[in-house]
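The structure file coords-v1.cif is reproduced below (mmCIF, C-alpha atoms).
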data_coords
loop_
_atom_site.label_atom_id
_atom_site.label_comp_id
_atom_site.auth_asym_id
_atom_site.auth_seq_id
_atom_site.Cartn_x
_atom_site.Cartn_y
_atom_site.Cartn_z
CA MET V 605 97.77 161.01 90.11
CA GLN V 606 95.15 161.50 92.85
CA LYS V 607 95.87 165.20 93.05
CA MET V 608 96.22 166.53 89.52
CA SER V 609 93.02 167.81 87.92
CA LEU V 610 91.90 166.37 84.60
CA HIS V 611 92.18 169.85 83.18
CA GLU V 612 95.83 170.24 84.14
CA ALA V 613 96.71 166.77 82.82
CA LEU V 614 95.00 167.40 79.46
CA TYR V 615 96.45 170.89 79.01
CA THR V 616 100.04 170.16 80.04
CA GLN V 617 100.52 166.83 78.27
CA ARG V 618 103.33 167.12 75.79
CA ALA V 619 105.55 164.73 73.83
CA ILE V 620 108.73 164.05 75.82
CA ARG V 621 111.56 162.43 73.85
CA ASN V 622 114.47 162.69 76.29
CA PHE V 623 114.59 161.19 79.74
CA THR V 624 116.77 161.04 82.84
CA PRO V 625 118.24 157.67 83.86
CA TYR V 626 116.19 157.89 87.08
CA PRO V 627 114.43 154.53 87.35
CA VAL V 628 110.67 154.00 87.07
CA SER V 629 109.45 151.37 89.53
CA ASP V 630 107.25 148.41 88.65
CA ALA V 631 104.67 149.81 91.06
CA THR V 632 104.55 153.08 89.11
CA VAL V 633 104.20 151.23 85.81
CA ALA V 634 101.42 149.14 87.36
CA THR V 635 99.58 152.31 88.46
CA ILE V 636 99.78 153.64 84.91
CA LEU V 637 98.59 150.39 83.32
CA ASP V 638 95.74 150.15 85.79
CA ALA V 639 94.56 153.49 84.40
CA ALA V 640 94.98 152.15 80.87
CA VAL V 641 92.41 149.38 81.27
CA ARG V 642 89.71 151.86 82.36
CA ALA V 643 89.52 153.10 78.77
CA PRO V 644 86.53 152.50 76.54
CA ASN V 645 86.85 149.56 74.16
CA GLY V 646 84.43 147.88 71.77
CA GLY V 647 82.01 145.52 73.51
CA ASN V 648 84.23 145.64 76.63
CA THR V 649 86.13 142.67 75.18
CA GLN V 650 89.44 144.08 76.48
CA ARG V 651 91.63 142.40 73.92
CA TRP V 652 94.56 144.57 74.94
CA SER V 653 97.92 143.64 76.43
CA PHE V 654 100.79 145.83 77.56
CA LEU V 655 104.37 144.66 77.28
CA VAL V 656 106.74 146.35 79.73
CA ILE V 657 110.27 146.37 78.35
CA ARG V 658 113.34 147.15 80.44
CA ASP V 659 115.81 144.75 78.84
CA ARG V 660 118.63 146.79 77.35
CA GLU V 661 119.17 144.62 74.29
CA THR V 662 115.45 144.65 73.44
CA LYS V 663 115.36 148.43 73.78
CA ARG V 664 118.43 148.70 71.54
CA ARG V 665 116.66 146.65 68.84
CA PHE V 666 113.61 148.92 69.07
CA GLY V 667 115.98 151.85 68.65
CA GLU V 668 117.33 150.33 65.45
CA TRP V 669 113.85 149.71 64.06
CA TYR V 670 112.74 153.20 65.01
CA ARG V 671 115.81 154.81 63.45
CA ASP V 672 115.30 152.90 60.21
CA ALA V 673 111.67 154.05 59.80
CA TRP V 674 112.61 157.53 60.97
CA SER V 675 115.22 157.83 58.18
CA ASP V 676 112.50 157.12 55.61
CA LEU V 677 110.36 159.83 57.16
CA VAL V 678 113.15 162.41 57.25
CA ALA V 679 114.02 161.68 53.61
CA ASP V 680 110.36 162.10 52.73
CA MET V 681 110.12 165.34 54.72
CA ASN V 682 113.20 166.85 53.12
CA LEU V 683 111.65 165.98 49.79
CA GLN V 684 108.45 167.76 50.73
CA ARG V 685 110.23 170.67 52.41
CA THR V 686 107.75 170.65 55.26
CA SER V 687 108.64 171.95 58.69
CA ALA V 688 105.76 170.21 60.45
CA GLN V 689 108.08 167.77 62.17
CA PRO V 690 111.61 169.18 62.07
CA TYR V 691 114.38 166.69 62.63
CA ARG V 692 115.72 166.93 66.13
CA PRO V 693 117.96 164.18 67.44
CA SER V 694 116.45 162.61 70.54
CA MET V 695 116.84 159.45 72.59
CA LEU V 696 114.32 157.84 70.23
CA THR V 697 116.82 157.93 67.39
CA GLN V 698 120.09 158.10 69.32
CA ASN V 699 120.00 155.83 72.36
CA MET V 700 116.63 154.24 72.98
CA GLU V 701 118.36 151.63 75.17
CA ASP V 702 118.92 154.35 77.79
CA ILE V 703 115.20 155.11 78.18
CA PRO V 704 114.08 153.52 81.46
CA VAL V 705 110.94 151.75 80.18
CA LEU V 706 109.22 151.06 76.87
CA ILE V 707 105.55 150.07 76.93
CA LEU V 708 104.29 148.21 73.87
CA ALA V 709 100.49 148.50 73.64
CA CYS V 710 98.99 145.54 71.77
CA LEU V 711 95.52 144.56 70.59
CA ASP V 712 94.42 141.03 69.77
CA ARG V 713 92.14 140.60 66.76
CA PRO V 714 91.41 144.28 66.10
CA THR V 715 87.91 144.81 64.71
CA PRO V 716 88.36 144.72 60.92
CA GLY V 717 86.15 147.76 60.20
CA TYR V 718 84.42 148.55 56.93
CA GLY V 719 85.96 149.21 53.54
CA PRO V 720 89.62 149.35 52.57
CA ASN V 721 92.17 150.66 55.10
CA PRO V 722 89.58 151.44 57.82
CA ILE V 723 90.59 154.02 60.41
CA THR V 724 88.49 152.31 63.10
CA THR V 725 90.87 149.33 63.51
CA GLY V 726 92.64 151.09 66.39
CA SER V 727 89.53 152.45 68.12
CA SER V 728 89.79 149.93 70.99
CA ILE V 729 93.44 150.58 71.87
CA TYR V 730 94.34 154.27 71.39
CA PRO V 731 91.96 155.49 74.11
CA ALA V 732 93.90 153.19 76.50
CA VAL V 733 97.17 154.59 75.10
CA GLN V 734 95.96 158.10 75.89
CA ASN V 735 95.04 156.99 79.43
CA ILE V 736 98.62 155.71 79.83
CA MET V 737 100.03 159.05 78.72
CA LEU V 738 97.71 161.11 80.94
CA ALA V 739 98.34 158.95 84.01
CA ALA V 740 102.09 159.20 83.38
CA ARG V 741 101.80 162.98 83.08
CA ALA V 742 100.03 163.19 86.44
CA LEU V 743 102.87 161.18 87.98
CA GLY V 744 105.47 163.57 86.53
CA LEU V 745 106.56 161.05 83.89
CA GLY V 746 107.08 161.85 80.24
CA THR V 747 105.86 159.79 77.29
CA VAL V 748 105.50 160.04 73.55
CA LEU V 749 103.17 158.09 71.27
CA THR V 750 105.23 156.33 68.60
CA THR V 751 104.21 153.89 65.89
CA LEU V 752 107.30 153.71 63.64
CA HIS V 753 108.32 150.28 64.99
CA THR V 754 105.39 148.84 63.00
CA LYS V 755 107.54 149.03 59.88
CA HIS V 756 109.28 146.03 61.50
CA GLU V 757 106.16 144.45 63.04
CA GLN V 758 107.09 140.88 62.09
CA GLU V 759 110.57 141.17 63.63
CA VAL V 760 109.12 142.79 66.77
CA LYS V 761 106.66 139.94 67.15
CA ALA V 762 109.31 137.28 66.52
CA LEU V 763 111.63 138.79 69.14
CA LEU V 764 108.97 139.10 71.83
CA GLY V 765 106.91 135.99 71.09
CA ILE V 766 103.79 137.95 70.18
CA PRO V 767 101.08 135.80 68.54
CA GLU V 768 100.14 136.31 64.91
CA SER V 769 96.62 137.55 65.74
CA VAL V 770 97.96 140.43 67.84
CA SER V 771 98.78 143.88 66.46
CA THR V 772 101.28 146.19 68.15
CA ALA V 773 99.61 149.61 68.16
CA ALA V 774 102.04 151.90 69.96
CA LEU V 775 105.47 151.97 71.54
CA ILE V 776 105.44 154.39 74.48
CA PRO V 777 108.79 155.39 76.00
CA LEU V 778 108.43 156.26 79.68
CA GLY V 779 110.73 158.13 82.05
CA TYR V 780 111.30 161.35 83.93
CA PRO V 781 111.82 164.26 81.52
CA ALA V 782 115.45 165.20 80.89
CA GLN V 783 116.65 168.74 81.53
CA GLY V 784 115.37 170.99 78.79
CA GLU V 785 112.25 168.89 78.26
CA SER V 786 109.22 170.28 79.95
CA PHE V 787 105.51 169.72 80.23
CA GLY V 788 103.18 172.47 79.08
CA GLY V 789 100.68 172.63 76.26
CA GLY V 790 101.89 172.08 72.73
CA ARG V 791 101.08 174.56 69.99
CA ARG V 792 97.61 174.00 68.59
CA ARG V 793 95.32 175.68 66.11
CA PRO V 794 92.35 177.23 67.92
CA SER V 795 89.70 174.56 68.40
CA ALA V 796 87.05 176.82 66.83
CA GLU V 797 88.90 176.48 63.50
CA VAL V 798 88.44 172.71 63.47
CA THR V 799 84.87 172.71 64.80
CA PHE V 800 82.13 172.55 62.19
CA HIS V 801 78.40 172.81 62.78
CA GLU V 802 75.89 170.58 60.99
CA ARG V 803 77.94 170.44 57.77
CA TRP V 804 81.62 170.24 56.80
CA GLY V 805 83.25 173.68 56.63
CA GLN V 806 80.52 175.52 58.55
CA THR V 807 82.43 177.10 61.43
CA ALA V 808 79.78 179.38 62.94
CA ALA V 809 77.13 177.79 65.14
CA SER V 810 73.73 177.73 63.45
CA MET R 983 86.25 170.30 84.47
CA GLN R 984 88.62 172.42 86.56
CA LYS R 985 87.71 170.54 89.71
CA MET R 986 87.62 166.84 88.90
CA SER R 987 90.86 164.94 89.36
CA LEU R 988 92.31 162.99 86.46
CA HIS R 989 91.98 159.88 88.61
CA GLU R 990 88.25 160.34 89.17
CA ALA R 991 87.65 161.06 85.47
CA LEU R 992 89.58 157.98 84.33
CA TYR R 993 88.03 155.65 86.90
CA THR R 994 84.40 156.76 86.55
CA GLN R 995 84.21 157.07 82.77
CA ARG R 996 81.60 154.69 81.46
CA ALA R 997 79.67 154.23 78.23
CA ILE R 998 76.36 156.13 78.48
CA ARG R 999 73.77 155.23 75.83
CA ASN R 1000 70.66 157.00 77.12
CA PHE R 1001 70.33 160.71 77.71
CA THR R 1002 67.89 163.30 79.09
CA PRO R 1003 66.51 165.91 76.69
CA TYR R 1004 68.28 168.60 78.75
CA PRO R 1005 70.17 170.72 76.22
CA VAL R 1006 73.95 170.94 75.92
CA SER R 1007 75.08 174.48 75.12
CA ASP R 1008 77.47 175.43 72.33
CA ALA R 1009 79.79 176.82 75.02
CA THR R 1010 79.93 173.42 76.73
CA VAL R 1011 80.61 171.67 73.42
CA ALA R 1012 83.36 174.22 72.72
CA THR R 1013 84.95 173.50 76.12
CA ILE R 1014 84.98 169.80 75.32
CA LEU R 1015 86.45 170.27 71.83
CA ASP R 1016 89.11 172.60 73.18
CA ALA R 1017 90.24 169.68 75.34
CA ALA R 1018 90.16 167.41 72.28
CA VAL R 1019 92.81 169.37 70.37
CA ARG R 1020 95.31 169.06 73.26
CA ALA R 1021 95.73 165.39 72.38
CA PRO R 1022 98.91 163.95 70.91
CA ASN R 1023 98.92 163.54 67.14
CA GLY R 1024 101.57 162.54 64.64
CA GLY R 1025 103.95 165.40 63.79
CA ASN R 1026 101.49 167.85 65.38
CA THR R 1027 99.85 168.15 61.97
CA GLN R 1028 96.38 168.34 63.60
CA ARG R 1029 94.48 167.00 60.63
CA TRP R 1030 91.37 166.56 62.77
CA SER R 1031 87.95 168.17 62.51
CA PHE R 1032 84.91 167.80 64.73
CA LEU R 1033 81.43 168.04 63.31
CA VAL R 1034 78.79 169.07 65.85
CA ILE R 1035 75.39 167.76 64.86
CA ARG R 1036 72.13 168.95 66.38
CA ASP R 1037 69.88 168.79 63.31
CA ARG R 1038 67.12 166.31 64.02
CA GLU R 1039 66.91 164.90 60.52
CA THR R 1040 70.70 164.34 60.37
CA LYS R 1041 70.59 162.58 63.74
CA ARG R 1042 67.70 160.42 62.52
CA ARG R 1043 69.77 159.35 59.49
CA PHE R 1044 72.70 158.43 61.75
CA GLY R 1045 70.23 156.39 63.81
CA GLU R 1046 69.20 154.46 60.70
CA TRP R 1047 72.82 153.80 59.71
CA TYR R 1048 73.71 152.75 63.24
CA ARG R 1049 70.71 150.42 63.50
CA ASP R 1050 71.57 148.78 60.21
CA ALA R 1051 75.15 147.98 61.22
CA TRP R 1052 73.98 147.02 64.71
CA SER R 1053 71.59 144.41 63.24
CA ASP R 1054 74.53 142.76 61.48
CA LEU R 1055 76.42 142.67 64.76
CA VAL R 1056 73.51 141.21 66.75
CA ALA R 1057 72.98 138.54 64.11
CA ASP R 1058 76.67 137.72 64.27
CA MET R 1059 76.63 137.65 68.08
CA ASN R 1060 73.61 135.36 68.24
CA LEU R 1061 75.45 133.09 65.84
CA GLN R 1062 78.50 133.05 68.08
CA ARG R 1063 76.45 132.81 71.29
CA THR R 1064 78.72 135.29 73.01
CA SER R 1065 77.52 137.44 75.87
CA ALA R 1066 80.32 139.99 75.55
CA GLN R 1067 77.98 142.66 74.25
CA PRO R 1068 74.42 141.66 75.11
CA TYR R 1069 71.71 143.35 73.12
CA ARG R 1070 70.09 146.10 75.11
CA PRO R 1071 67.86 148.60 73.35
CA SER R 1072 69.17 152.13 73.81
CA MET R 1073 68.73 155.55 72.24
CA LEU R 1074 71.49 154.55 69.81
CA THR R 1075 69.25 152.00 68.16
CA GLN R 1076 65.82 153.38 69.09
CA ASN R 1077 65.77 157.16 68.82
CA MET R 1078 69.16 158.70 68.09
CA GLU R 1079 67.38 161.86 66.94
CA ASP R 1080 66.46 162.58 70.58
CA ILE R 1081 70.10 162.66 71.72
CA PRO R 1082 71.04 166.34 72.21
CA VAL R 1083 74.34 166.36 70.30
CA LEU R 1084 76.33 164.02 68.08
CA ILE R 1085 80.03 164.76 67.58
CA LEU R 1086 81.61 163.26 64.47
CA ALA R 1087 85.41 163.09 64.89
CA CYS R 1088 87.18 163.18 61.52
CA LEU R 1089 90.78 162.86 60.34
CA ASP R 1090 92.09 164.15 57.03
CA ARG R 1091 94.64 161.97 55.23
CA PRO R 1092 95.24 159.44 58.02
CA THR R 1093 98.81 158.13 58.00
CA PRO R 1094 98.68 154.99 55.85
CA GLY R 1095 100.81 152.85 58.18
CA TYR R 1096 102.76 149.72 57.25
CA GLY R 1097 101.48 146.47 55.83
CA PRO R 1098 97.90 145.40 55.15
CA ASN R 1099 95.13 146.70 57.41
CA PRO R 1100 97.43 148.69 59.74
CA ILE R 1101 96.08 149.42 63.21
CA THR R 1102 98.03 152.70 63.40
CA THR R 1103 95.77 154.54 60.92
CA GLY R 1104 93.70 155.93 63.79
CA SER R 1105 96.59 156.79 66.13
CA SER R 1106 96.21 160.55 65.52
CA ILE R 1107 92.48 160.77 66.25
CA TYR R 1108 91.46 158.34 69.03
CA PRO R 1109 93.57 160.07 71.70
CA ALA R 1110 91.53 163.22 70.90
CA VAL R 1111 88.34 161.17 71.06
CA GLN R 1112 89.32 159.96 74.52
CA ASN R 1113 90.01 163.58 75.56
CA ILE R 1114 86.45 164.46 74.44
CA MET R 1115 85.00 161.65 76.52
CA LEU R 1116 87.04 162.51 79.63
CA ALA R 1117 86.25 166.23 79.41
CA ALA R 1118 82.56 165.39 78.99
CA ARG R 1119 82.72 163.11 82.03
CA ALA R 1120 84.20 165.90 84.14
CA LEU R 1121 81.32 168.16 83.06
CA GLY R 1122 78.75 165.53 84.06
CA LEU R 1123 77.99 164.63 80.45
CA GLY R 1124 77.72 161.10 79.13
CA THR R 1125 79.27 159.80 75.91
CA VAL R 1126 79.92 156.53 74.13
CA LEU R 1127 82.51 155.78 71.46
CA THR R 1128 80.74 154.40 68.40
CA THR R 1129 82.09 153.48 64.96
CA LEU R 1130 79.20 151.57 63.35
CA HIS R 1131 78.23 154.52 61.12
CA THR R 1132 81.37 153.75 59.08
CA LYS R 1133 79.47 150.92 57.38
CA HIS R 1134 77.74 153.83 55.60
CA GLU R 1135 80.79 156.12 55.35
CA GLN R 1136 80.09 157.21 51.78
CA GLU R 1137 76.50 158.18 52.56
CA VAL R 1138 77.62 160.02 55.72
CA LYS R 1139 80.16 161.99 53.73
CA ALA R 1140 77.69 162.78 50.95
CA LEU R 1141 75.09 164.06 53.44
CA LEU R 1142 77.51 166.28 55.35
CA GLY R 1143 79.75 167.44 52.50
CA ILE R 1144 82.85 165.74 53.90
CA PRO R 1145 85.79 165.64 51.44
CA GLU R 1146 86.99 162.35 49.98
CA SER R 1147 90.39 162.54 51.76
CA VAL R 1148 88.75 162.70 55.20
CA SER R 1149 87.89 159.62 57.30
CA THR R 1150 85.17 159.69 59.94
CA ALA R 1151 86.68 157.91 62.95
CA ALA R 1152 84.01 158.08 65.65
CA LEU R 1153 80.45 159.22 66.29
CA ILE R 1154 80.15 160.37 69.88
CA PRO R 1155 76.65 160.97 71.28
CA LEU R 1156 76.68 163.58 74.01
CA GLY R 1157 74.13 164.47 76.67
CA TYR R 1158 73.27 164.28 80.35
CA PRO R 1159 72.81 160.66 81.46
CA ALA R 1160 69.20 159.47 81.64
CA GLN R 1161 67.80 158.05 84.85
CA GLY R 1162 69.20 154.56 85.37
CA GLU R 1163 72.44 155.41 83.57
CA SER R 1164 75.26 156.21 85.88
CA PHE R 1165 78.96 156.92 85.85
CA GLY R 1166 81.26 154.58 87.73
CA GLY R 1167 83.94 152.22 86.56
CA GLY R 1168 83.03 149.50 84.11
CA ARG R 1169 83.96 145.89 84.78
CA ARG R 1170 87.56 145.18 83.83
CA ARG R 1171 89.96 142.27 84.09
CA PRO R 1172 92.72 143.10 86.60
CA SER R 1173 95.43 145.06 84.82
CA ALA R 1174 98.09 142.62 86.08
CA GLU R 1175 96.54 139.94 83.87
CA VAL R 1176 97.15 141.97 80.73
CA THR R 1177 100.60 143.24 81.72
CA PHE R 1178 103.55 141.25 80.40
CA HIS R 1179 107.22 141.77 81.25
CA GLU R 1180 109.95 141.57 78.60
CA ARG R 1181 108.15 138.85 76.60
CA TRP R 1182 104.60 137.98 75.61
CA GLY R 1183 102.85 135.91 78.28
CA GLN R 1184 105.32 136.65 81.09
CA THR R 1185 103.10 138.13 83.80
CA ALA R 1186 105.53 138.28 86.74
CA ALA R 1187 108.05 141.10 86.82
CA SER R 1188 111.56 139.87 86.17
#

Give the structure from the file, written as structure tokens.
Amino acid sequence: MQKMSLHEALYTQRAIRNFTPYPVSDATVATILDAAVRAPNGGNTQRWSFLVIRDRETKRRFGEWYRDAWSDLVADMNLQRTSAQPYRPSMLTQNMEDIPVLILACLDRPTPGYGPNPITTGSSIYPAVQNIMLAARALGLGTVLTTLHTKHEQEVKALLGIPESVSTAALIPLGYPAQGESFGGGRRRPSAEVTFHERWGQTAAS
Amino acid sequence: MQKMSLHEALYTQRAIRNFTPYPVSDATVATILDAAVRAPNGGNTQRWSFLVIRDRETKRRFGEWYRDAWSDLVADMNLQRTSAQPYRPSMLTQNMEDIPVLILACLDRPTPGYGPNPITTGSSIYPAVQNIMLAARALGLGTVLTTLHTKHEQEVKALLGIPESVSTAALIPLGYPAQGESFGGGRRRPSAEVTFHERWGQTAAS
């Protein structure tokens, strides 16, 4: 992590969904989570916790929960005939128990935010999640940001003893990329197309 | 940005709330936003937009909205006698119109998530927000992640012509740090204290 430039980490981060069985040490996980807690968070209250899961049976349960929510999504996608997220079998849906580590990023008493369904509720945890993913990238480890387990939030919390006041924000599989999975920038629309100046829709600088 | 290591960027990022009047060029802002769109996002649907605000009157309005929500927070904090976020006057509450640039990070049709008040609604925008802040850091520019403007979301959207389906996730002031403001890691609890193994509360590795 000491050697990779920020630029390289940002521009070669990519979702990795298949991993080798090669183990990830506790020391490596600790290095990654130490980067996580450097992230900005509201009022520096640091209400985050990170659950490191290696237990095979727990990972298998997460696989079941993921698969269940994934089926809903695939059904919905087929209905909408969108190709934004084509169905490709991966370890997430096939054998999550074989992924070396799952990190469950949690936030206690998320700030409620304003109005109905506020987007800001996760503003004090997803920057830390991104730090996890960037630090992993710099160490040659693959990750992917998943949230589908939250369909089964109550069962997740019951299994792992997570208090009622805590929300589970992301499940991040972690391991060395399997053959055929590689880092390198994902496809993106040019940033100029999503940059507006002064008012919505105004793409040219004033 | 090419030269700074990921490690240095992560470990020296810090909330900067006061800025010099030294201008930030459109090219620099474009470099930062190009880093933003590399971030992970659900299904690679990239429903994000970034509004770059330099107009003095618009910035003044954001200052008013921020100050209003901030007053609520200070009142609440005094009530609770907490020192987590002590009140310090800054350009955010005093003269936001003098900050060179405000970036408003927006997300169209955020994924609804499961259950009431889901934390995952912002999972496809805050990783990009963190990329903005890290890229700015590497360029010597200060930022701070703010969300208080969302108390006045409807007025913000009316002023800037933002469609109903879009949520404004973060307002990120951007500029060179004023004298007395400096980069360098913020205070954090040791990461080992917020790392659990296999079950909630279990701090020692199994």

Interface list for chain V, partner chain R, 6 Å threshold, all atoms listed in the file, as a PDB file with C-alpha atoms, keeping the file's coordinate frame:
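The result, stored in out-v7.pdb:
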ATOM      1  CA  GLN V 606      95.150 161.500  92.850  1.00  0.00           C
ATOM      2  CA  MET V 608      96.220 166.530  89.520  1.00  0.00           C
ATOM      3  CA  SER V 609      93.020 167.810  87.920  1.00  0.00           C
ATOM      4  CA  LEU V 610      91.900 166.370  84.600  1.00  0.00           C
ATOM      5  CA  HIS V 611      92.180 169.850  83.180  1.00  0.00           C
ATOM      6  CA  ASP V 638      95.740 150.150  85.790  1.00  0.00           C
ATOM      7  CA  GLY V 647      82.010 145.520  73.510  1.00  0.00           C
ATOM      8  CA  SER V 653      97.920 143.640  76.430  1.00  0.00           C
ATOM      9  CA  PHE V 654     100.790 145.830  77.560  1.00  0.00           C
ATOM     10  CA  LEU V 655     104.370 144.660  77.280  1.00  0.00           C
ATOM     11  CA  VAL V 656     106.740 146.350  79.730  1.00  0.00           C
ATOM     12  CA  ILE V 657     110.270 146.370  78.350  1.00  0.00           C
ATOM     13  CA  GLN V 689     108.080 167.770  62.170  1.00  0.00           C
ATOM     14  CA  TYR V 718      84.420 148.550  56.930  1.00  0.00           C
ATOM     15  CA  ASN V 721      92.170 150.660  55.100  1.00  0.00           C
ATOM     16  CA  ILE V 723      90.590 154.020  60.410  1.00  0.00           C
ATOM     17  CA  THR V 724      88.490 152.310  63.100  1.00  0.00           C
ATOM     18  CA  THR V 725      90.870 149.330  63.510  1.00  0.00           C
ATOM     19  CA  GLY V 726      92.640 151.090  66.390  1.00  0.00           C
ATOM     20  CA  TYR V 730      94.340 154.270  71.390  1.00  0.00           C
ATOM     21  CA  PRO V 731      91.960 155.490  74.110  1.00  0.00           C
ATOM     22  CA  GLN V 734      95.960 158.100  75.890  1.00  0.00           C
ATOM     23  CA  LYS V 755     107.540 149.030  59.880  1.00  0.00           C
ATOM     24  CA  LEU V 764     108.970 139.100  71.830  1.00  0.00           C
ATOM     25  CA  GLY V 765     106.910 135.990  71.090  1.00  0.00           C
ATOM     26  CA  ILE V 766     103.790 137.950  70.180  1.00  0.00           C
ATOM     27  CA  ALA V 773      99.610 149.610  68.160  1.00  0.00           C
ATOM     28  CA  SER V 795      89.700 174.560  68.400  1.00  0.00           C
ATOM     29  CA  VAL V 798      88.440 172.710  63.470  1.00  0.00           C
ATOM     30  CA  THR V 799      84.870 172.710  64.800  1.00  0.00           C
ATOM     31  CA  PHE V 800      82.130 172.550  62.190  1.00  0.00           C
ATOM     32  CA  HIS V 801      78.400 172.810  62.780  1.00  0.00           C
ATOM     33  CA  GLU V 802      75.890 170.580  60.990  1.00  0.00           C
ATOM     34  CA  ARG V 803      77.940 170.440  57.770  1.00  0.00           C
ATOM     35  CA  TRP V 804      81.620 170.240  56.800  1.00  0.00           C
TER      36      TRP V 804
END

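Atom to atom, CA of Val760 (chain V) and CA of Glu661 (chain V) stand 12.7 Å apart.
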
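Between CA of Val1083 (chain R) and CA of Gly1157 (chain R) the interatomic distance comes to 6.6 Å.
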
Separating CA of Tyr626 (chain V) from CA of Pro781 (chain V), to the nearest tenth of an Å, is a gap of 9.5 Å

Restricting the calculation to all atoms listed in the file: of V:Ile703, V:Val628, V:Ser694, V:Phe666, which residue gets closest to Pro777 (chain V)?
V:Ile703

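In terms of minimum interatomic distance to Glu701 (chain V), V:Arg660 ranks closest within V:Pro627, V:Leu677, V:Gly784, V:Arg660, counting only C-alpha atoms.
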
Starting from the PyMOL selection byres ((chain R and resi 1045) around 9), expand the selection into actual residues of this file and give them as a count of residues only.
18

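Residues matched by the PyMOL selection byres ((chain R and resi 1091) around 6) in this structure: Asp1090, Pro1092, Ser1147 and Val1148 of chain R.
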
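Evaluated against the shown file, the PyMOL selection byres ((chain V and resi 623) around 8) gives Ile620, Arg621, Asn622, Thr624, Pro625, Met695, Ile703, Pro704, Gly746, Leu778, Gly779, Tyr780, Pro781 and Ala782 of chain V.
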